[in-house]
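S.K.: Dumping the structure here so I can ask a few things about it.
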Amino acid sequence: MKRYRSNTGGSNNRRWRVAGVAGVAVAIVGAGLGVAAAAEGDAIPTVNCPTVADKLGAVPAQAQDEVARNLQLLNTQITEANNRIRTTQGQGGAAFIDNAILGPLKDKRFSTINRIETAIGRVIDKPDLNAEGLSGCTLNENGGGDVSPEPTEVPEAAASSGAAVVADVPTVNCPEVVIDVAIPAQAQAEIDRNLALLDTQISEANTRLKNTVGQGGAAFIDNAILGPLEDKRFATINRMETAIGRNAAKPDLDAEGLAPCSLNEAGAGGDEAAEEPTAAPTTEAPANNGGNNGGGNNNAGGVNDGTGTVNCPDVVINVAIPAQAQAEIDRNLALLQTQIDEANARIKSSAGQGGAAFIDNAILGPLADKRLSTINRMETAIGRNAAKPDL
């Protein structure tokens, strides 16, 4: 019978080896925890960036919102950089923070400061805020520092100072277009549209003058604003001559002489432009030709014999119009006139139609609805950038 001898010593050796490995592992983990605990006790550095808001000086009212947004963005960039430093501790080499955090932060700040300069430069002379010098940030090695050095609102005093500068922006001064001939009924609507277009052209030119202050050289206004305005006015006046000439003798309205406009230089005519920023020299068609707002035998609302014209109250905008709303206000003021012209044309073309209430129901009622919507749109346009008025 064979006997087998068990080797109990080998099993014991393995147990000792396992115990030894486990002991080493515990020692290593303990050492690691000690290192981690030491790291946690170290202060995490933070970025330290120069301030920008205190270098701005006077900020025009039109640039206030954009400047404030970009100042807030500078704060956000600092917060993001600090978060990146905290979450990447121990990563990379000695130059990791410089290359991966401070470098990109400098580029972002440079672009943001440039945008602030541009926003101000659209209204007054573009400032030099030293974007190159203000964009670079250093480290607070022991942490701390101001994480929001820039104010979230531009100081009120700066806004007032900026507004005073804008008040002296010149405005265009154009001669009146006088139509001293009878306007055929067939040409009335086209004449009205082109008279309204002359107003719009002046308003657009004035807006361009405001938005480009400080741009270009000495001839910038002549070449970029007054020259194109003259071309547009010449073409518009010619269209009116042609419209009349299709149904009567073609008049000479002196397009060559009436097209050029001059400037109300800074301080001259400024108050008038502020009170009626959308007003411009116009002429109404002679009263015996239907007029824009009435005149002649106004029996609109009674029997429609084709001679009545509508009589609408003036829409007076007695609040300051934000630059952002100017174009929309201009369009809607022109639309009010177009609505009146269309109503007058409808009265003429529908003479003899319907009963006693025809004009009220078919012309004046729809006109009231259109005017209400248009005036509401103007209130809303102003209200997007200022207190909403009740016109």
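Residues are named by chain letter and number: chains run A, B, ... in the order of the structure tokens, numbers start at 1 in each chain, and ligands are numbered from 1 in the order shown.
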Got a sec: who's within 12 Å of stretch 98-114 of chain A, counting only C-alpha atoms, leaving out chain neighbours fewer than 5 positions off, as a ChimeraX atom specification?
M.R.: /A:45-53,55-56,66-89,91-93,119-121,126-139
S.K.: For the residues in that selection, give me C-alpha atoms as a PDB file, in the first residue's frame.
M.R.:
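Written file, selection36.pdb:
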```
ATOM      1  CA  PRO A  45      -3.639  79.354  -6.714  1.00  0.00           C
ATOM      2  CA  THR A  46      -6.084  81.780  -8.369  1.00  0.00           C
ATOM      3  CA  VAL A  47      -5.743  84.205 -11.261  1.00  0.00           C
ATOM      4  CA  ASN A  48      -5.113  87.878 -10.611  1.00  0.00           C
ATOM      5  CA  CYS A  49      -6.250  90.151 -13.475  1.00  0.00           C
ATOM      6  CA  PRO A  50      -6.028  93.951 -13.863  1.00  0.00           C
ATOM      7  CA  THR A  51      -9.328  95.864 -13.780  1.00  0.00           C
ATOM      8  CA  VAL A  52     -10.864  97.378 -16.911  1.00  0.00           C
ATOM      9  CA  ALA A  53     -13.984  99.268 -15.754  1.00  0.00           C
ATOM     10  CA  LYS A  55     -10.154 102.746 -17.251  1.00  0.00           C
ATOM     11  CA  LEU A  56     -13.320 103.374 -19.312  1.00  0.00           C
ATOM     12  CA  GLU A  66     -22.882  96.122 -24.497  1.00  0.00           C
ATOM     13  CA  VAL A  67     -20.088  97.434 -22.272  1.00  0.00           C
ATOM     14  CA  ALA A  68     -21.807  96.014 -19.169  1.00  0.00           C
ATOM     15  CA  ARG A  69     -22.191  92.594 -20.839  1.00  0.00           C
ATOM     16  CA  ASN A  70     -18.513  92.459 -21.710  1.00  0.00           C
ATOM     17  CA  LEU A  71     -17.435  93.546 -18.215  1.00  0.00           C
ATOM     18  CA  GLN A  72     -19.509  90.678 -16.837  1.00  0.00           C
ATOM     19  CA  LEU A  73     -17.860  88.367 -19.374  1.00  0.00           C
ATOM     20  CA  LEU A  74     -14.429  89.352 -18.008  1.00  0.00           C
ATOM     21  CA  ASN A  75     -15.622  88.192 -14.564  1.00  0.00           C
ATOM     22  CA  THR A  76     -16.928  84.932 -16.030  1.00  0.00           C
ATOM     23  CA  GLN A  77     -13.585  84.272 -17.710  1.00  0.00           C
ATOM     24  CA  ILE A  78     -11.787  84.680 -14.360  1.00  0.00           C
ATOM     25  CA  THR A  79     -14.197  82.264 -12.671  1.00  0.00           C
ATOM     26  CA  GLU A  80     -13.724  79.678 -15.420  1.00  0.00           C
ATOM     27  CA  ALA A  81      -9.927  79.970 -15.189  1.00  0.00           C
ATOM     28  CA  ASN A  82     -10.006  79.488 -11.395  1.00  0.00           C
ATOM     29  CA  ASN A  83     -12.228  76.422 -11.781  1.00  0.00           C
ATOM     30  CA  ARG A  84      -9.813  74.979 -14.344  1.00  0.00           C
ATOM     31  CA  ILE A  85      -6.845  75.482 -11.998  1.00  0.00           C
ATOM     32  CA  ARG A  86      -8.690  73.725  -9.182  1.00  0.00           C
ATOM     33  CA  THR A  87      -9.875  70.748 -11.259  1.00  0.00           C
ATOM     34  CA  THR A  88      -6.513  70.139 -12.966  1.00  0.00           C
ATOM     35  CA  GLN A  89      -4.223  70.263  -9.928  1.00  0.00           C
ATOM     36  CA  GLN A  91      -1.679  67.702 -14.157  1.00  0.00           C
ATOM     37  CA  GLY A  92       1.010  68.684 -16.635  1.00  0.00           C
ATOM     38  CA  GLY A  93       4.436  70.073 -15.866  1.00  0.00           C
ATOM     39  CA  ALA A 119     -18.911  99.478 -28.723  1.00  0.00           C
ATOM     40  CA  ILE A 120     -17.897 102.904 -27.435  1.00  0.00           C
ATOM     41  CA  GLY A 121     -16.322 103.825 -30.774  1.00  0.00           C
ATOM     42  CA  LYS A 126     -12.924 104.996 -30.055  1.00  0.00           C
ATOM     43  CA  PRO A 127     -10.874 104.778 -26.849  1.00  0.00           C
ATOM     44  CA  ASP A 128      -7.571 102.941 -26.432  1.00  0.00           C
ATOM     45  CA  LEU A 129      -7.981 100.894 -23.259  1.00  0.00           C
ATOM     46  CA  ASN A 130      -4.590  99.211 -23.670  1.00  0.00           C
ATOM     47  CA  ALA A 131      -6.069  95.771 -24.380  1.00  0.00           C
ATOM     48  CA  GLU A 132      -2.575  94.314 -24.692  1.00  0.00           C
ATOM     49  CA  GLY A 133      -1.586  95.462 -21.224  1.00  0.00           C
ATOM     50  CA  LEU A 134      -4.894  94.666 -19.485  1.00  0.00           C
ATOM     51  CA  SER A 135      -5.394  91.205 -20.965  1.00  0.00           C
ATOM     52  CA  GLY A 136      -2.507  89.443 -19.185  1.00  0.00           C
ATOM     53  CA  CYS A 137      -3.151  87.902 -15.736  1.00  0.00           C
ATOM     54  CA  THR A 138      -0.780  86.580 -13.050  1.00  0.00           C
ATOM     55  CA  LEU A 139      -1.258  84.025 -10.226  1.00  0.00           C
TER      56      LEU A 139
END
```
S.K.: Please provide the set of residues having any atom within 6 Å of A:Lys250, restricted to only C-alpha atoms, with same-chain residues fewer than 2 positions apart removed, written as an NGL selection string.
M.R.: :A and (241 or 244-245)
S.K.: Save out the residues we just selected, C-alpha atoms, as an mmCIF file, in the first residue's frame.
M.R.:
```cif
data_model
loop_
_atom_site.group_PDB
_atom_site.id
_atom_site.type_symbol
_atom_site.label_atom_id
_atom_site.label_comp_id
_atom_site.auth_asym_id
_atom_site.auth_seq_id
_atom_site.Cartn_x
_atom_site.Cartn_y
_atom_site.Cartn_z
ATOM 1 C CA GLU A 241 -41.911 113.593 -61.972
ATOM 2 C CA ILE A 244 -47.202 112.684 -62.661
ATOM 3 C CA GLY A 245 -46.057 112.679 -66.298
#
```
S.K.: Extract, using only C-alpha atoms, all DNA, RNA and protein residues at most 8 Å from A:Pro175, discarding same-chain residues fewer than 5 positions from it, and format them as a compact mmCIF listing (two decimals) with C-alpha atoms, in the first residue's frame.
M.R.:
```txt
# COMPACT_ATOMS: atom_id res chain seq x y z
CA LEU A 258 -33.29 119.57 -54.40
CA ALA A 259 -31.23 116.38 -54.12
CA PRO A 260 -28.12 117.71 -52.27
CA CYS A 261 -28.31 118.09 -48.48
CA PRO A 281 -39.01 118.23 -44.84
```
S.K.: Can you tell me, as a PDB file with N, CA and C atoms, in the first residue's frame, what residues are no more than 12 Å from A:Arg331 when counting only C-alpha atoms, ignoring any on the same chain fewer than 5 positions away?
M.R.:
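Heads up, here's the output in around_25.pdb:
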```
ATOM      1  N   ALA A 196     -42.871 109.855 -48.555  1.00  0.00           N
ATOM      2  CA  ALA A 196     -42.521 109.141 -47.324  1.00  0.00           C
ATOM      3  C   ALA A 196     -41.100 108.588 -47.411  1.00  0.00           C
ATOM      4  N   LEU A 197     -40.705 108.160 -48.611  1.00  0.00           N
ATOM      5  CA  LEU A 197     -39.350 107.622 -48.790  1.00  0.00           C
ATOM      6  C   LEU A 197     -38.298 108.706 -48.575  1.00  0.00           C
ATOM      7  N   ASP A 199     -38.533 111.088 -46.436  1.00  0.00           N
ATOM      8  CA  ASP A 199     -38.411 111.160 -44.974  1.00  0.00           C
ATOM      9  C   ASP A 199     -37.509 110.042 -44.452  1.00  0.00           C
ATOM     10  N   THR A 200     -37.769 108.839 -44.940  1.00  0.00           N
ATOM     11  CA  THR A 200     -37.005 107.679 -44.475  1.00  0.00           C
ATOM     12  C   THR A 200     -35.524 107.836 -44.785  1.00  0.00           C
ATOM     13  N   GLN A 201     -35.214 108.344 -45.952  1.00  0.00           N
ATOM     14  CA  GLN A 201     -33.807 108.538 -46.335  1.00  0.00           C
ATOM     15  C   GLN A 201     -33.103 109.507 -45.389  1.00  0.00           C
ATOM     16  N   SER A 203     -33.984 110.122 -42.241  1.00  0.00           N
ATOM     17  CA  SER A 203     -33.863 109.447 -40.943  1.00  0.00           C
ATOM     18  C   SER A 203     -32.692 108.467 -40.944  1.00  0.00           C
ATOM     19  N   GLU A 204     -32.561 107.709 -42.027  1.00  0.00           N
ATOM     20  CA  GLU A 204     -31.454 106.744 -42.114  1.00  0.00           C
ATOM     21  C   GLU A 204     -30.107 107.455 -42.119  1.00  0.00           C
ATOM     22  N   THR A 278     -37.643 111.703 -36.270  1.00  0.00           N
ATOM     23  CA  THR A 278     -38.074 111.061 -37.499  1.00  0.00           C
ATOM     24  C   THR A 278     -38.667 112.053 -38.487  1.00  0.00           C
ATOM     25  N   ALA A 325     -33.909 101.379 -31.726  1.00  0.00           N
ATOM     26  CA  ALA A 325     -35.301 101.355 -32.168  1.00  0.00           C
ATOM     27  C   ALA A 325     -35.562 102.328 -33.315  1.00  0.00           C
ATOM     28  N   GLN A 326     -34.563 103.153 -33.672  1.00  0.00           N
ATOM     29  CA  GLN A 326     -34.800 104.241 -34.620  1.00  0.00           C
ATOM     30  C   GLN A 326     -35.324 103.750 -35.968  1.00  0.00           C
ATOM     31  N   LEU A 336     -47.760 104.528 -41.167  1.00  0.00           N
ATOM     32  CA  LEU A 336     -48.965 105.286 -40.812  1.00  0.00           C
ATOM     33  C   LEU A 336     -49.405 106.180 -41.974  1.00  0.00           C
ATOM     34  N   GLN A 337     -48.417 106.820 -42.612  1.00  0.00           N
ATOM     35  CA  GLN A 337     -48.748 107.678 -43.747  1.00  0.00           C
ATOM     36  C   GLN A 337     -49.262 106.850 -44.916  1.00  0.00           C
ATOM     37  N   THR A 338     -48.627 105.696 -45.142  1.00  0.00           N
ATOM     38  CA  THR A 338     -49.071 104.819 -46.231  1.00  0.00           C
ATOM     39  C   THR A 338     -50.508 104.370 -46.000  1.00  0.00           C
ATOM     40  N   THR A 374     -49.957  99.514 -35.519  1.00  0.00           N
ATOM     41  CA  THR A 374     -48.705 100.191 -35.859  1.00  0.00           C
ATOM     42  C   THR A 374     -48.175 100.995 -34.671  1.00  0.00           C
ATOM     43  N   ILE A 375     -49.057 101.711 -33.990  1.00  0.00           N
ATOM     44  CA  ILE A 375     -48.631 102.502 -32.827  1.00  0.00           C
ATOM     45  C   ILE A 375     -48.168 101.579 -31.706  1.00  0.00           C
ATOM     46  N   ARG A 377     -46.741  98.724 -32.117  1.00  0.00           N
ATOM     47  CA  ARG A 377     -45.400  98.241 -32.502  1.00  0.00           C
ATOM     48  C   ARG A 377     -44.332  99.264 -32.149  1.00  0.00           C
ATOM     49  N   MET A 378     -44.647 100.545 -32.312  1.00  0.00           N
ATOM     50  CA  MET A 378     -43.672 101.581 -31.971  1.00  0.00           C
ATOM     51  C   MET A 378     -43.431 101.613 -30.462  1.00  0.00           C
ATOM     52  N   ALA A 381     -41.196  98.681 -29.726  1.00  0.00           N
ATOM     53  CA  ALA A 381     -39.823  98.893 -30.209  1.00  0.00           C
ATOM     54  C   ALA A 381     -39.030  99.749 -29.238  1.00  0.00           C
TER      55      ALA A 381
END
```
S.K.: Quick one, how far is atom CA of A:Ala182 from atom CA of A:Leu198?
M.R.: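 Result for atom CA of A:Ala182 versus atom CA of A:Leu198: 19.9 Å, one decimal.
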S.K.: Give me every alpha helix (DSSP H) residue in stretch 24-144 of chain A, going by DSSP on the backbone, as a VMD selection string.
M.R.: chain A and resid 24 to 41 64 to 87 96 to 97 103 to 121 131 to 135
S.K.: Give me a file of those residues, with C-alpha atoms, as a compact mmCIF listing (two decimals), in the first residue's frame.
M.R.:
```txt
# COMPACT_ATOMS: atom_id res chain seq x y z
CA VAL A 24 2.85 46.00 1.48
CA ALA A 25 -0.38 47.08 -0.21
CA VAL A 26 -1.72 48.52 3.02
CA ALA A 27 1.55 50.37 3.51
CA ILE A 28 1.42 51.80 -0.02
CA VAL A 29 -2.23 52.88 0.33
CA GLY A 30 -1.42 54.43 3.67
CA ALA A 31 1.45 56.33 2.13
CA GLY A 32 -0.81 57.48 -0.73
CA LEU A 33 -3.43 58.72 1.66
CA GLY A 34 -0.78 60.63 3.50
CA VAL A 35 0.37 62.30 0.26
CA ALA A 36 -3.22 63.13 -0.68
CA ALA A 37 -3.86 64.60 2.72
CA ALA A 38 -0.78 66.74 2.38
CA ALA A 39 -1.90 67.94 -1.08
CA GLU A 40 -5.30 68.86 0.22
CA GLY A 41 -3.67 71.13 2.76
CA GLN A 64 -23.94 101.03 -21.90
CA ASP A 65 -25.59 97.61 -22.27
CA GLU A 66 -22.88 96.12 -24.50
CA VAL A 67 -20.09 97.43 -22.27
CA ALA A 68 -21.81 96.01 -19.17
CA ARG A 69 -22.19 92.59 -20.84
CA ASN A 70 -18.51 92.46 -21.71
CA LEU A 71 -17.43 93.55 -18.22
CA GLN A 72 -19.51 90.68 -16.84
CA LEU A 73 -17.86 88.37 -19.37
CA LEU A 74 -14.43 89.35 -18.01
CA ASN A 75 -15.62 88.19 -14.56
CA THR A 76 -16.93 84.93 -16.03
CA GLN A 77 -13.58 84.27 -17.71
CA ILE A 78 -11.79 84.68 -14.36
CA THR A 79 -14.20 82.26 -12.67
CA GLU A 80 -13.72 79.68 -15.42
CA ALA A 81 -9.93 79.97 -15.19
CA ASN A 82 -10.01 79.49 -11.39
CA ASN A 83 -12.23 76.42 -11.78
CA ARG A 84 -9.81 74.98 -14.34
CA ILE A 85 -6.85 75.48 -12.00
CA ARG A 86 -8.69 73.72 -9.18
CA THR A 87 -9.87 70.75 -11.26
CA PHE A 96 0.89 73.74 -17.49
CA ILE A 97 -0.98 76.68 -15.95
CA GLY A 103 -2.47 81.91 -22.14
CA PRO A 104 -6.04 81.20 -23.36
CA LEU A 105 -7.40 83.57 -20.69
CA LYS A 106 -5.23 86.38 -22.06
CA ASP A 107 -6.55 85.80 -25.58
CA LYS A 108 -10.18 85.86 -24.38
CA ARG A 109 -9.65 89.04 -22.37
CA PHE A 110 -7.91 90.77 -25.29
CA SER A 111 -10.92 90.08 -27.56
CA THR A 112 -13.40 91.19 -24.91
CA ILE A 113 -11.60 94.48 -24.21
CA ASN A 114 -11.44 95.13 -27.95
CA ARG A 115 -15.21 94.67 -28.16
CA ILE A 116 -15.68 97.24 -25.41
CA GLU A 117 -13.53 99.72 -27.34
CA THR A 118 -15.55 99.07 -30.51
CA ALA A 119 -18.91 99.48 -28.72
CA ILE A 120 -17.90 102.90 -27.44
CA GLY A 121 -16.32 103.83 -30.77
CA ALA A 131 -6.07 95.77 -24.38
CA GLU A 132 -2.57 94.31 -24.69
CA GLY A 133 -1.59 95.46 -21.22
CA LEU A 134 -4.89 94.67 -19.49
CA SER A 135 -5.39 91.21 -20.97
```
S.K.: Find the residue from A:Asn318, A:Asn194, A:Ile340, A:Ser373 that sits nearest to A:Asp390; use only C-alpha atoms when measuring.
M.R.: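 The answer is A:Asn318, which sits nearest to A:Asp390.
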